[in-house]
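Novice: Here you go, my_file09.cif (mmCIF, C-alpha atoms and all ligand atoms):
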```
data_run
#
loop_
_atom_site.label_atom_id
_atom_site.label_comp_id
_atom_site.auth_asym_id
_atom_site.auth_seq_id
_atom_site.Cartn_x
_atom_site.Cartn_y
_atom_site.Cartn_z
CA MET X 23 82.35 -74.48 7.20
CA SER X 24 85.60 -74.21 9.15
CA ALA X 25 85.46 -75.49 12.70
CA GLY X 26 87.36 -75.91 15.92
CA ARG X 27 88.48 -79.17 17.49
CA SER X 28 84.90 -79.74 18.67
CA GLY X 29 83.65 -79.64 15.08
CA ARG X 30 81.83 -76.39 15.80
CA PRO X 31 82.82 -72.96 14.48
CA VAL X 32 85.25 -71.07 16.69
CA VAL X 33 83.79 -67.81 17.98
CA VAL X 34 85.87 -65.33 19.98
CA VAL X 35 83.73 -63.33 22.41
CA THR X 36 85.61 -60.15 23.27
CA ARG X 37 84.05 -59.32 26.68
CA ARG X 38 82.21 -61.10 29.49
CA LEU X 39 78.53 -61.42 28.60
CA PRO X 40 75.62 -62.25 30.92
CA ARG X 41 75.59 -65.94 31.86
CA PRO X 42 72.31 -66.65 29.97
CA VAL X 43 74.18 -65.59 26.84
CA GLU X 44 77.55 -67.22 27.46
CA GLU X 45 75.90 -70.58 28.19
CA PRO X 46 74.11 -71.03 24.84
CA LEU X 47 77.10 -69.51 23.04
CA ALA X 48 79.31 -72.21 24.55
CA ARG X 49 76.77 -74.90 23.60
CA GLU X 50 76.36 -73.79 19.99
CA PHE X 51 79.97 -72.87 19.24
CA ASP X 52 83.53 -73.50 20.20
CA ALA X 53 83.27 -70.23 22.10
CA ARG X 54 86.43 -68.59 23.38
CA LEU X 55 85.16 -66.48 26.28
CA ASN X 56 86.99 -63.62 27.95
CA ALA X 57 87.11 -64.89 31.54
CA ASP X 58 88.83 -61.84 33.04
CA ASP X 59 86.84 -59.35 30.90
CA HIS X 60 89.92 -57.36 29.88
CA PRO X 61 89.49 -55.13 26.82
CA LEU X 62 91.26 -56.71 23.86
CA SER X 63 94.18 -54.77 22.37
CA ALA X 64 94.48 -54.24 18.61
CA VAL X 65 96.98 -57.11 18.53
CA GLU X 66 94.57 -59.42 20.39
CA LEU X 67 91.72 -58.47 18.05
CA ALA X 68 93.91 -59.26 15.06
CA ASP X 69 94.91 -62.59 16.63
CA ALA X 70 91.23 -63.37 17.15
CA LEU X 71 90.49 -62.68 13.47
CA ARG X 72 93.29 -65.08 12.55
CA ALA X 73 92.15 -67.80 14.95
CA ALA X 74 88.35 -67.74 14.86
CA ASP X 75 85.60 -68.30 12.33
CA GLY X 76 83.56 -65.52 13.90
CA LEU X 77 84.07 -62.65 16.29
CA LEU X 78 81.48 -61.35 18.75
CA PRO X 79 82.82 -57.86 19.50
CA THR X 80 81.24 -55.09 21.52
CA VAL X 81 80.96 -51.36 20.93
CA THR X 82 84.36 -50.59 22.49
CA ASP X 83 86.40 -52.90 20.23
CA ARG X 84 88.01 -50.77 17.54
CA LEU X 85 87.98 -52.88 14.41
CA THR X 86 89.95 -50.50 12.25
CA ALA X 87 91.18 -50.95 8.68
CA GLN X 88 94.57 -51.86 10.14
CA VAL X 89 93.17 -54.57 12.43
CA LEU X 90 90.98 -55.92 9.64
CA ALA X 91 93.98 -56.10 7.28
CA VAL X 92 95.29 -59.09 9.28
CA GLU X 93 96.73 -62.06 7.38
CA PRO X 94 95.74 -64.78 7.14
CA LEU X 95 92.14 -63.82 7.91
CA ARG X 96 90.08 -66.76 9.11
CA ALA X 97 87.00 -64.96 10.48
CA ARG X 98 84.00 -64.46 8.23
CA ILE X 99 81.55 -62.66 10.48
CA LEU X 100 81.62 -59.84 13.03
CA ALA X 101 78.45 -60.33 15.08
CA ASN X 102 78.49 -57.08 16.99
CA TYR X 103 76.98 -56.89 20.47
CA GLY X 104 75.37 -53.45 20.20
CA VAL X 105 73.26 -51.49 17.80
CA GLY X 106 75.92 -48.90 16.98
CA PHE X 107 78.71 -50.16 14.76
CA ASN X 108 80.78 -47.03 14.15
CA HIS X 109 83.72 -48.80 15.85
CA ILE X 110 83.89 -51.19 12.88
CA ASP X 111 85.38 -50.01 9.60
CA THR X 112 82.58 -51.53 7.53
CA VAL X 113 84.21 -50.59 4.22
CA SER X 114 87.31 -52.62 5.12
CA ALA X 115 85.16 -55.42 6.58
CA LYS X 116 83.26 -55.66 3.32
CA ALA X 117 86.44 -55.56 1.29
CA ARG X 118 87.72 -58.51 3.37
CA GLY X 119 84.51 -60.45 2.81
CA LEU X 120 83.39 -60.13 6.45
CA VAL X 121 79.68 -60.02 7.20
CA VAL X 122 78.77 -57.51 9.93
CA THR X 123 75.62 -57.72 12.08
CA ASN X 124 74.30 -55.63 14.99
CA THR X 125 71.56 -55.91 17.67
CA PRO X 126 68.76 -53.42 16.93
CA ASP X 127 65.27 -53.26 18.52
CA VAL X 128 66.06 -55.02 21.79
CA LEU X 129 67.68 -51.97 23.40
CA THR X 130 65.28 -49.30 22.15
CA ASP X 131 63.12 -48.93 25.27
CA ASP X 132 65.93 -48.96 27.80
CA THR X 133 67.97 -46.48 25.79
CA ALA X 134 64.94 -44.18 25.52
CA ASP X 135 64.45 -44.46 29.29
CA ASP X 136 68.09 -43.49 29.76
CA ALA X 137 67.60 -40.34 27.61
CA LEU X 138 64.58 -39.34 29.71
CA MET X 139 66.55 -40.06 32.89
CA LEU X 140 69.30 -37.68 31.72
CA LEU X 141 66.72 -35.08 30.75
CA LEU X 142 64.98 -35.21 34.12
CA MET X 143 68.21 -35.35 36.09
CA VAL X 144 69.69 -32.32 34.41
CA ALA X 145 66.45 -30.30 34.48
CA ARG X 146 65.63 -31.12 38.11
CA ARG X 147 69.24 -31.10 39.34
CA GLY X 148 69.10 -34.77 40.31
CA GLY X 149 72.85 -35.44 40.32
CA GLU X 150 73.58 -32.24 42.17
CA GLY X 151 70.88 -32.97 44.75
CA GLU X 152 72.18 -36.45 45.34
CA ARG X 153 75.71 -35.17 45.87
CA HIS X 154 74.32 -32.55 48.24
CA VAL X 155 72.55 -35.10 50.46
CA ARG X 156 75.51 -37.48 50.48
CA SER X 157 77.87 -34.65 51.43
CA GLY X 158 75.87 -33.99 54.59
CA ALA X 159 75.33 -30.36 53.56
CA TRP X 160 71.53 -30.60 53.36
CA THR X 161 69.87 -28.55 56.08
CA GLY X 162 66.23 -29.28 55.16
CA TRP X 163 63.39 -28.22 52.89
CA ARG X 164 63.06 -24.55 52.05
CA PRO X 165 61.13 -22.73 49.32
CA THR X 166 64.16 -21.45 47.46
CA HIS X 167 66.36 -24.52 47.67
CA MET X 168 67.81 -26.11 44.53
CA LEU X 169 65.15 -25.01 42.09
CA GLY X 170 65.28 -26.65 38.71
CA THR X 171 63.45 -26.33 35.42
CA ARG X 172 59.99 -27.74 34.70
CA VAL X 173 59.84 -30.43 32.03
CA THR X 174 56.07 -30.80 31.59
CA GLY X 175 54.74 -28.88 28.62
CA LYS X 176 58.17 -27.89 27.31
CA THR X 177 59.43 -28.42 23.76
CA LEU X 178 61.71 -31.38 23.15
CA GLY X 179 63.81 -31.25 19.98
CA LEU X 180 64.97 -34.60 18.67
CA ILE X 181 67.88 -34.85 16.28
CA GLY X 182 67.10 -38.19 14.65
CA LEU X 183 63.74 -39.97 14.70
CA GLY X 184 64.86 -43.56 14.32
CA ARG X 185 63.76 -46.34 16.68
CA ILE X 186 65.21 -44.73 19.81
CA GLY X 187 64.17 -41.19 18.87
CA ARG X 188 60.61 -42.41 18.38
CA ALA X 189 60.58 -44.18 21.76
CA VAL X 190 61.82 -40.97 23.39
CA ALA X 191 59.14 -38.95 21.56
CA HIS X 192 56.43 -41.32 22.76
CA ARG X 193 57.57 -41.12 26.39
CA ALA X 194 57.98 -37.35 26.31
CA ARG X 195 54.54 -36.73 24.82
CA SER X 196 52.54 -39.29 26.74
CA GLY X 197 54.41 -39.07 30.04
CA PHE X 198 55.36 -35.41 30.29
CA GLY X 199 52.99 -33.63 27.92
CA MET X 200 55.96 -32.31 25.98
CA ARG X 201 55.69 -30.90 22.51
CA VAL X 202 58.06 -32.83 20.25
CA ILE X 203 59.80 -31.37 17.22
CA PHE X 204 62.46 -33.18 15.22
CA HIS X 205 64.77 -33.21 12.27
CA ASP X 206 65.81 -36.39 10.51
CA PRO X 207 67.30 -36.49 7.00
CA SER X 208 65.56 -39.86 6.52
CA PRO X 209 62.37 -39.47 8.53
CA PRO X 210 59.98 -42.34 9.19
CA PRO X 211 56.77 -42.51 7.12
CA ALA X 212 54.36 -39.58 7.61
CA ALA X 213 51.78 -41.86 9.27
CA VAL X 214 54.30 -42.88 11.95
CA VAL X 215 55.26 -39.25 12.56
CA SER X 216 51.65 -38.13 12.84
CA GLU X 217 50.75 -40.99 15.19
CA LEU X 218 53.61 -39.88 17.43
CA GLY X 219 52.39 -36.30 17.25
CA ALA X 220 55.92 -35.12 16.40
CA GLU X 221 56.40 -32.03 14.26
CA PRO X 222 59.10 -32.08 11.57
CA ARG X 223 61.52 -29.21 11.11
CA ALA X 224 63.48 -28.57 7.92
CA SER X 225 66.91 -28.51 9.54
CA VAL X 226 68.84 -29.29 12.72
CA ASP X 227 69.28 -25.54 13.18
CA ASP X 228 65.50 -24.99 13.18
CA VAL X 229 65.10 -27.58 15.95
CA LEU X 230 67.87 -25.99 18.02
CA ARG X 231 66.35 -22.50 17.83
CA GLU X 232 63.01 -23.70 19.14
CA ALA X 233 63.66 -26.49 21.65
CA ASP X 234 63.90 -26.26 25.44
CA PHE X 235 65.57 -29.67 25.49
CA VAL X 236 67.61 -31.13 22.63
CA SER X 237 68.19 -34.87 22.57
CA LEU X 238 70.54 -36.52 20.08
CA HIS X 239 69.53 -39.78 18.42
CA SER X 240 71.62 -39.86 15.24
CA PRO X 241 74.03 -42.63 14.33
CA ALA X 242 77.74 -41.78 14.48
CA THR X 243 78.87 -41.24 10.90
CA PRO X 244 81.42 -38.91 9.29
CA GLU X 245 78.46 -36.57 8.58
CA THR X 246 77.31 -36.41 12.21
CA ARG X 247 80.78 -35.99 13.75
CA HIS X 248 80.71 -32.72 15.72
CA LEU X 249 77.17 -32.04 14.52
CA MET X 250 76.83 -30.10 17.77
CA ASP X 251 79.70 -27.68 17.32
CA ALA X 252 80.17 -24.15 18.69
CA ARG X 253 77.95 -22.62 16.00
CA ARG X 254 75.06 -24.99 16.64
CA LEU X 255 75.36 -24.81 20.44
CA ALA X 256 75.06 -21.03 20.08
CA LEU X 257 71.75 -21.50 18.24
CA MET X 258 70.20 -23.19 21.28
CA LYS X 259 68.11 -21.14 23.69
CA ARG X 260 70.08 -19.82 26.65
CA GLY X 261 67.92 -21.80 29.07
CA ALA X 262 67.99 -25.01 27.01
CA PHE X 263 69.56 -28.35 27.90
CA LEU X 264 71.43 -30.82 25.70
CA VAL X 265 71.04 -34.59 26.14
CA ASN X 266 73.30 -37.11 24.41
CA ASN X 267 73.14 -40.86 24.79
CA ALA X 268 73.83 -41.62 21.13
CA ARG X 269 77.58 -41.35 20.49
CA GLY X 270 80.14 -39.03 22.03
CA ASP X 271 81.70 -37.63 18.91
CA ILE X 272 78.39 -36.16 17.69
CA VAL X 273 79.19 -33.39 20.17
CA ASP X 274 82.35 -31.29 20.03
CA GLU X 275 83.13 -31.69 23.73
CA THR X 276 85.51 -28.71 23.81
CA ALA X 277 82.81 -26.48 22.31
CA LEU X 278 80.28 -27.89 24.78
CA VAL X 279 82.51 -27.03 27.74
CA ALA X 280 82.87 -23.47 26.39
CA ALA X 281 79.10 -23.14 25.88
CA LEU X 282 78.43 -24.37 29.43
CA LYS X 283 81.04 -22.02 30.90
CA GLN X 284 79.67 -19.05 28.98
CA GLY X 285 76.06 -19.87 29.86
CA THR X 286 75.19 -20.31 26.18
CA ILE X 287 73.10 -23.30 27.29
CA ALA X 288 71.75 -24.20 30.73
CA GLY X 289 73.14 -27.70 31.13
CA ALA X 290 73.86 -31.09 29.59
CA GLY X 291 73.05 -34.71 30.32
CA LEU X 292 75.67 -37.02 28.85
CA ASP X 293 75.83 -40.81 28.74
CA VAL X 294 78.52 -40.92 26.03
CA PHE X 295 81.75 -38.99 25.54
CA GLU X 296 83.94 -37.94 22.67
CA HIS X 297 87.03 -39.75 23.99
CA GLU X 298 85.23 -42.36 26.06
CA PRO X 299 85.99 -43.48 28.74
CA ALA X 300 87.99 -40.24 29.15
CA VAL X 301 85.81 -37.26 30.04
CA THR X 302 86.91 -33.68 29.45
CA PRO X 303 88.09 -32.70 32.97
CA ASP X 304 86.08 -29.43 33.03
CA LEU X 305 82.84 -31.40 32.75
CA LEU X 306 83.66 -33.24 35.97
CA THR X 307 83.62 -29.97 37.89
CA MET X 308 80.32 -28.60 36.56
CA GLU X 309 77.17 -28.95 38.67
CA ASN X 310 74.82 -28.37 35.71
CA VAL X 311 76.10 -31.45 33.91
CA VAL X 312 74.92 -35.03 34.46
CA LEU X 313 77.48 -37.68 33.57
CA LEU X 314 76.61 -41.36 33.22
CA PRO X 315 78.94 -44.19 32.14
CA HIS X 316 77.30 -45.26 28.84
CA LEU X 317 74.33 -46.87 30.59
CA GLY X 318 71.78 -46.64 27.75
CA SER X 319 71.25 -50.37 27.30
CA ALA X 320 72.47 -51.41 30.74
CA THR X 321 69.66 -53.52 32.15
CA HIS X 322 69.80 -57.26 32.81
CA GLU X 323 66.92 -57.78 30.39
CA THR X 324 68.41 -55.83 27.52
CA ARG X 325 71.99 -57.03 27.88
CA ILE X 326 70.71 -60.62 27.73
CA ALA X 327 68.48 -59.81 24.76
CA MET X 328 71.40 -58.18 22.93
CA GLY X 329 73.52 -61.27 23.43
CA LEU X 330 70.78 -63.63 22.28
CA ARG X 331 70.28 -61.47 19.21
CA ALA X 332 74.02 -61.65 18.38
CA LEU X 333 73.84 -65.42 18.94
CA GLU X 334 70.87 -65.64 16.57
CA ASN X 335 72.88 -63.79 13.92
CA LEU X 336 75.83 -66.15 14.36
CA LYS X 337 73.64 -69.24 14.20
CA ALA X 338 71.94 -68.08 11.02
CA PHE X 339 75.25 -67.22 9.40
CA PHE X 340 76.92 -70.55 10.22
CA ALA X 341 73.78 -72.41 9.13
CA GLY X 342 74.17 -70.76 5.73
CA ALA X 343 71.12 -68.47 6.13
CA PRO X 344 71.10 -64.67 5.87
CA PRO X 345 71.55 -63.21 9.36
CA ARG X 346 68.59 -61.05 10.39
CA ASP X 347 70.60 -57.97 11.34
CA ARG X 348 73.17 -57.69 8.59
CA VAL X 349 74.51 -54.14 8.32
CA ALA X 350 77.47 -54.81 6.00
C1 LIG U 401 74.88 -49.63 21.41
O1 LIG U 401 74.36 -50.74 21.39
O2 LIG U 401 75.28 -49.10 20.39
C2 LIG U 401 75.01 -48.95 22.73
O3 LIG U 401 75.78 -47.82 22.68
C3 LIG U 401 75.52 -49.89 23.79
O4 LIG U 401 74.46 -50.69 24.09
#
```
Kindly present the structure from the file in structure tokens form.
Specialist:
Amino acid sequence: MSAGRSGRPVVVVTRRLPRPVEEPLAREFDARLNADDHPLSAVELADALRAADGLLPTVTDRLTAQVLAVEPLRARILANYGVGFNHIDTVSAKARGLVVTNTPDVLTDDTADDALMLLLMVARRGGEGERHVRSGAWTGWRPTHMLGTRVTGKTLGLIGLGRIGRAVAHRARSGFGMRVIFHDPSPPPAAVVSELGAEPRASVDDVLREADFVSLHSPATPETRHLMDARRLALMKRGAFLVNNARGDIVDETALVAALKQGTIAGAGLDVFEHEPAVTPDLLTMENVVLLPHLGSATHETRIAMGLRALENLKAFFAGAPPRDRVA
């Protein structure tokens, strides 16, 4: 095992992490923390791969083929802080002998809550109402003021029924009496689906035609890029809402703006963006759109749990054991 001056493996941590994570990281490893929390450039990421035995990146660090081609490469593991790992070129990582891990499970509930928050906010005009009160324009209760769309009893269409999709289905059915339909190319076992009371559909298009709310829970892959394009948005009901807290590029943001302008769909709740942190300017001006800054896993509890899970993966790897969450 290579090691730093302290005799412990050197681990570069790309962003500030909660203190209960940074402390054990610094105890277990020769941890190089990012005191000012600046996002690392491609050059800094490459330097880290040259200098450290392991990297603890987050979901905004673009570990491209070019960055991973660095010479000489010292790092042997990318212990990602986050469940999504589409920012890592896993083919190149594998070719360079780098193990890649992620942090599943621990963020499922909070991310599902975030999807329901978007759904409720967009249906009940939560963001718009809040802006209205803050602006001082509110003149008081009246029967016709700011009417939204009922959620209870409506049909929720899930694209993807993985861990987070299932947690959303459970909340929607048990909390809001929603009917849940879904499409997933690799669905969970039939017993899991039937316990959830979710109804499978043969295709994404079938879900879109039937749902009052569509929520995206697919991983970001070349196959799911722009899954929600102009054609698919046009399949949605005119009064339907789109929710996305998976990954931005699953939605063609230009097509979404056009669909919202034309009234093809009623609104959208977005926690992630195609060119994050940039947001298509038109979206910023639309009242029927809820925009959140990638908050899915953003609770104290989950952000600590994610860090401890990444730490667990690093410890296993440097102890010579298979890390629990290896994805490449
Ligand atoms: C993830 O983990 O992939 C989320 O997008 C950030 O928590």
Novice: So which residues touch Thr177 in chain X within 9 Å, counting all atoms listed in the file, skipping near sequence neighbours fewer than 6 positions away, as a ChimeraX atom specification?
Specialist: /X:200-203,232-236
Novice: Store the residues of this selection in a file with C-alpha atoms, as a compact mmCIF listing (two decimals), in the frame of the given file.
Specialist:
```
# COMPACT_ATOMS: atom_id res chain seq x y z
CA MET X 200 55.96 -32.31 25.98
CA ARG X 201 55.69 -30.90 22.51
CA VAL X 202 58.06 -32.83 20.25
CA ILE X 203 59.80 -31.37 17.22
CA GLU X 232 63.01 -23.70 19.14
CA ALA X 233 63.66 -26.49 21.65
CA ASP X 234 63.90 -26.26 25.44
CA PHE X 235 65.57 -29.67 25.49
CA VAL X 236 67.61 -31.13 22.63
```
Novice: Smallest atom-to-atom distance to Leu178 in chain X: which of X:Pro222, X:Pro61, X:Gly285, X:Gly318, using only C-alpha atoms?
Specialist: X:Pro222
Novice: 7 Å from ligand LIG 401 (chain U) is the threshold here; counting only C-alpha atoms and all ligand atoms, which polymer residues fall inside it? Answer as a ChimeraX atom specification.
Specialist: /X:81,103-107,125,129,268,316,318-320
Novice: Between CA of Glu45 in chain X and CA of Thr82 in chain X, what is the distance in Å, rounded to a tenth?
Specialist: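 Straight-line distance from CA of Glu45 in chain X to CA of Thr82 in chain X works out to 22.4 Å.
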Novice: Pick from X:Leu67, X:Leu78, X:Val215, X:Ala338: nearest to Val92 in chain X, with only C-alpha atoms counted?
Specialist: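 Result for the nearest residue to Val92 in chain X: X:Leu67.
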Novice: Could you check how far CA of Ala341 in chain X sits from CA of Pro31 in chain X, in Å to one decimal?
Specialist: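 CA of Pro31 in chain X lies 10.5 Å from CA of Ala341 in chain X.
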Novice: Might you pull out every residue within 10 Å of Asn266 in chain X, with only C-alpha atoms counted and same-chain residues fewer than 5 positions away left off, and present them as a list in words?
Specialist: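 So the residues in contact are Asp136, Ala137, Leu140, Leu141, Val236, Ser237, Leu238, His239, Ser240, Ile272, Val273, Ala290, Gly291, Leu292, Asp293, Val294 and Phe295 of chain X.
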Novice: Would you mind reading off the distance between CA of Pro42 in chain X and CA of Arg54 in chain X, one decimal, in Å?
Specialist: 15.7 Å
Novice: Show me the residues around (75.3, -57.3, 8.2) - criterion: an atom at most 6 Å away, all atoms listed in the file counted - as a VMD selection string.
Specialist: chain X and resid 121 to 123 347 to 350
Novice: Can you fill out range 217-227 of chain X with all heavy atoms and hand it back as a tab-separated table (two decimals), in the coordinates of the input?
Specialist:
```tsv
chain	number	residue	atom	x	y	z
X	217	GLU	N	51.22	-40.22	14.03
X	217	GLU	CA	50.75	-40.99	15.19
X	217	GLU	C	51.51	-40.60	16.46
X	217	GLU	O	50.95	-40.55	17.56
X	217	GLU	CB	50.88	-42.48	14.93
X	217	GLU	CG	50.02	-43.29	15.90
X	217	GLU	CD	50.21	-44.79	15.73
X	217	GLU	OE1	50.52	-45.23	14.61
X	217	GLU	OE2	50.05	-45.49	16.73
X	218	LEU	N	52.79	-40.30	16.28
X	218	LEU	CA	53.61	-39.88	17.43
X	218	LEU	C	53.27	-38.46	17.87
X	218	LEU	O	53.58	-38.06	18.98
X	218	LEU	CB	55.09	-39.86	17.03
X	218	LEU	CG	55.93	-41.09	17.20
X	218	LEU	CD1	57.33	-40.80	16.68
X	218	LEU	CD2	56.00	-41.51	18.66
X	219	GLY	N	52.67	-37.70	16.95
X	219	GLY	CA	52.39	-36.30	17.25
X	219	GLY	C	53.65	-35.46	17.24
X	219	GLY	O	53.73	-34.43	17.92
X	220	ALA	N	54.66	-35.88	16.47
X	220	ALA	CA	55.92	-35.12	16.40
X	220	ALA	C	55.86	-34.19	15.19
X	220	ALA	O	55.31	-34.55	14.15
X	220	ALA	CB	57.09	-36.09	16.29
X	221	GLU	N	56.46	-33.02	15.34
X	221	GLU	CA	56.40	-32.03	14.26
X	221	GLU	C	57.77	-31.92	13.58
X	221	GLU	O	58.76	-31.63	14.24
X	221	GLU	CB	56.04	-30.66	14.82
X	221	GLU	CG	54.75	-30.63	15.60
X	221	GLU	CD	54.63	-29.33	16.40
X	221	GLU	OE1	55.12	-28.27	15.93
X	221	GLU	OE2	54.07	-29.38	17.50
X	222	PRO	N	57.81	-32.16	12.26
X	222	PRO	CA	59.10	-32.08	11.57
X	222	PRO	C	59.59	-30.64	11.42
X	222	PRO	O	58.79	-29.72	11.33
X	222	PRO	CB	58.80	-32.67	10.18
X	222	PRO	CG	57.33	-32.56	10.01
X	222	PRO	CD	56.71	-32.51	11.37
X	223	ARG	N	60.90	-30.49	11.42
X	223	ARG	CA	61.52	-29.21	11.11
X	223	ARG	C	62.50	-29.44	9.96
X	223	ARG	O	63.08	-30.52	9.84
X	223	ARG	CB	62.26	-28.64	12.32
X	223	ARG	CG	61.33	-28.23	13.47
X	223	ARG	CD	60.45	-27.04	13.09
X	223	ARG	NE	59.52	-26.65	14.13
X	223	ARG	CZ	58.26	-27.10	14.26
X	223	ARG	NH1	57.79	-27.98	13.39
X	223	ARG	NH2	57.48	-26.67	15.21
X	224	ALA	N	62.71	-28.40	9.15
X	224	ALA	CA	63.48	-28.57	7.92
X	224	ALA	C	64.96	-28.79	8.17
X	224	ALA	O	65.66	-29.36	7.32
X	224	ALA	CB	63.28	-27.34	7.03
X	225	SER	N	65.46	-28.37	9.31
X	225	SER	CA	66.91	-28.51	9.54
X	225	SER	C	67.18	-28.70	11.04
X	225	SER	O	66.34	-28.39	11.88
X	225	SER	CB	67.64	-27.26	9.06
X	225	SER	OG	67.27	-26.15	9.87
X	226	VAL	N	68.38	-29.18	11.32
X	226	VAL	CA	68.84	-29.29	12.72
X	226	VAL	C	68.78	-27.91	13.36
X	226	VAL	O	68.31	-27.74	14.49
X	226	VAL	CB	70.30	-29.83	12.75
X	226	VAL	CG1	70.89	-29.73	14.15
X	226	VAL	CG2	70.35	-31.27	12.24
X	227	ASP	N	69.24	-26.90	12.62
X	227	ASP	CA	69.28	-25.54	13.18
X	227	ASP	C	67.88	-25.07	13.61
X	227	ASP	O	67.73	-24.43	14.65
X	227	ASP	CB	69.85	-24.55	12.15
X	227	ASP	CG	71.32	-24.81	11.86
X	227	ASP	OD1	71.85	-25.81	12.38
X	227	ASP	OD2	71.94	-24.01	11.13
```
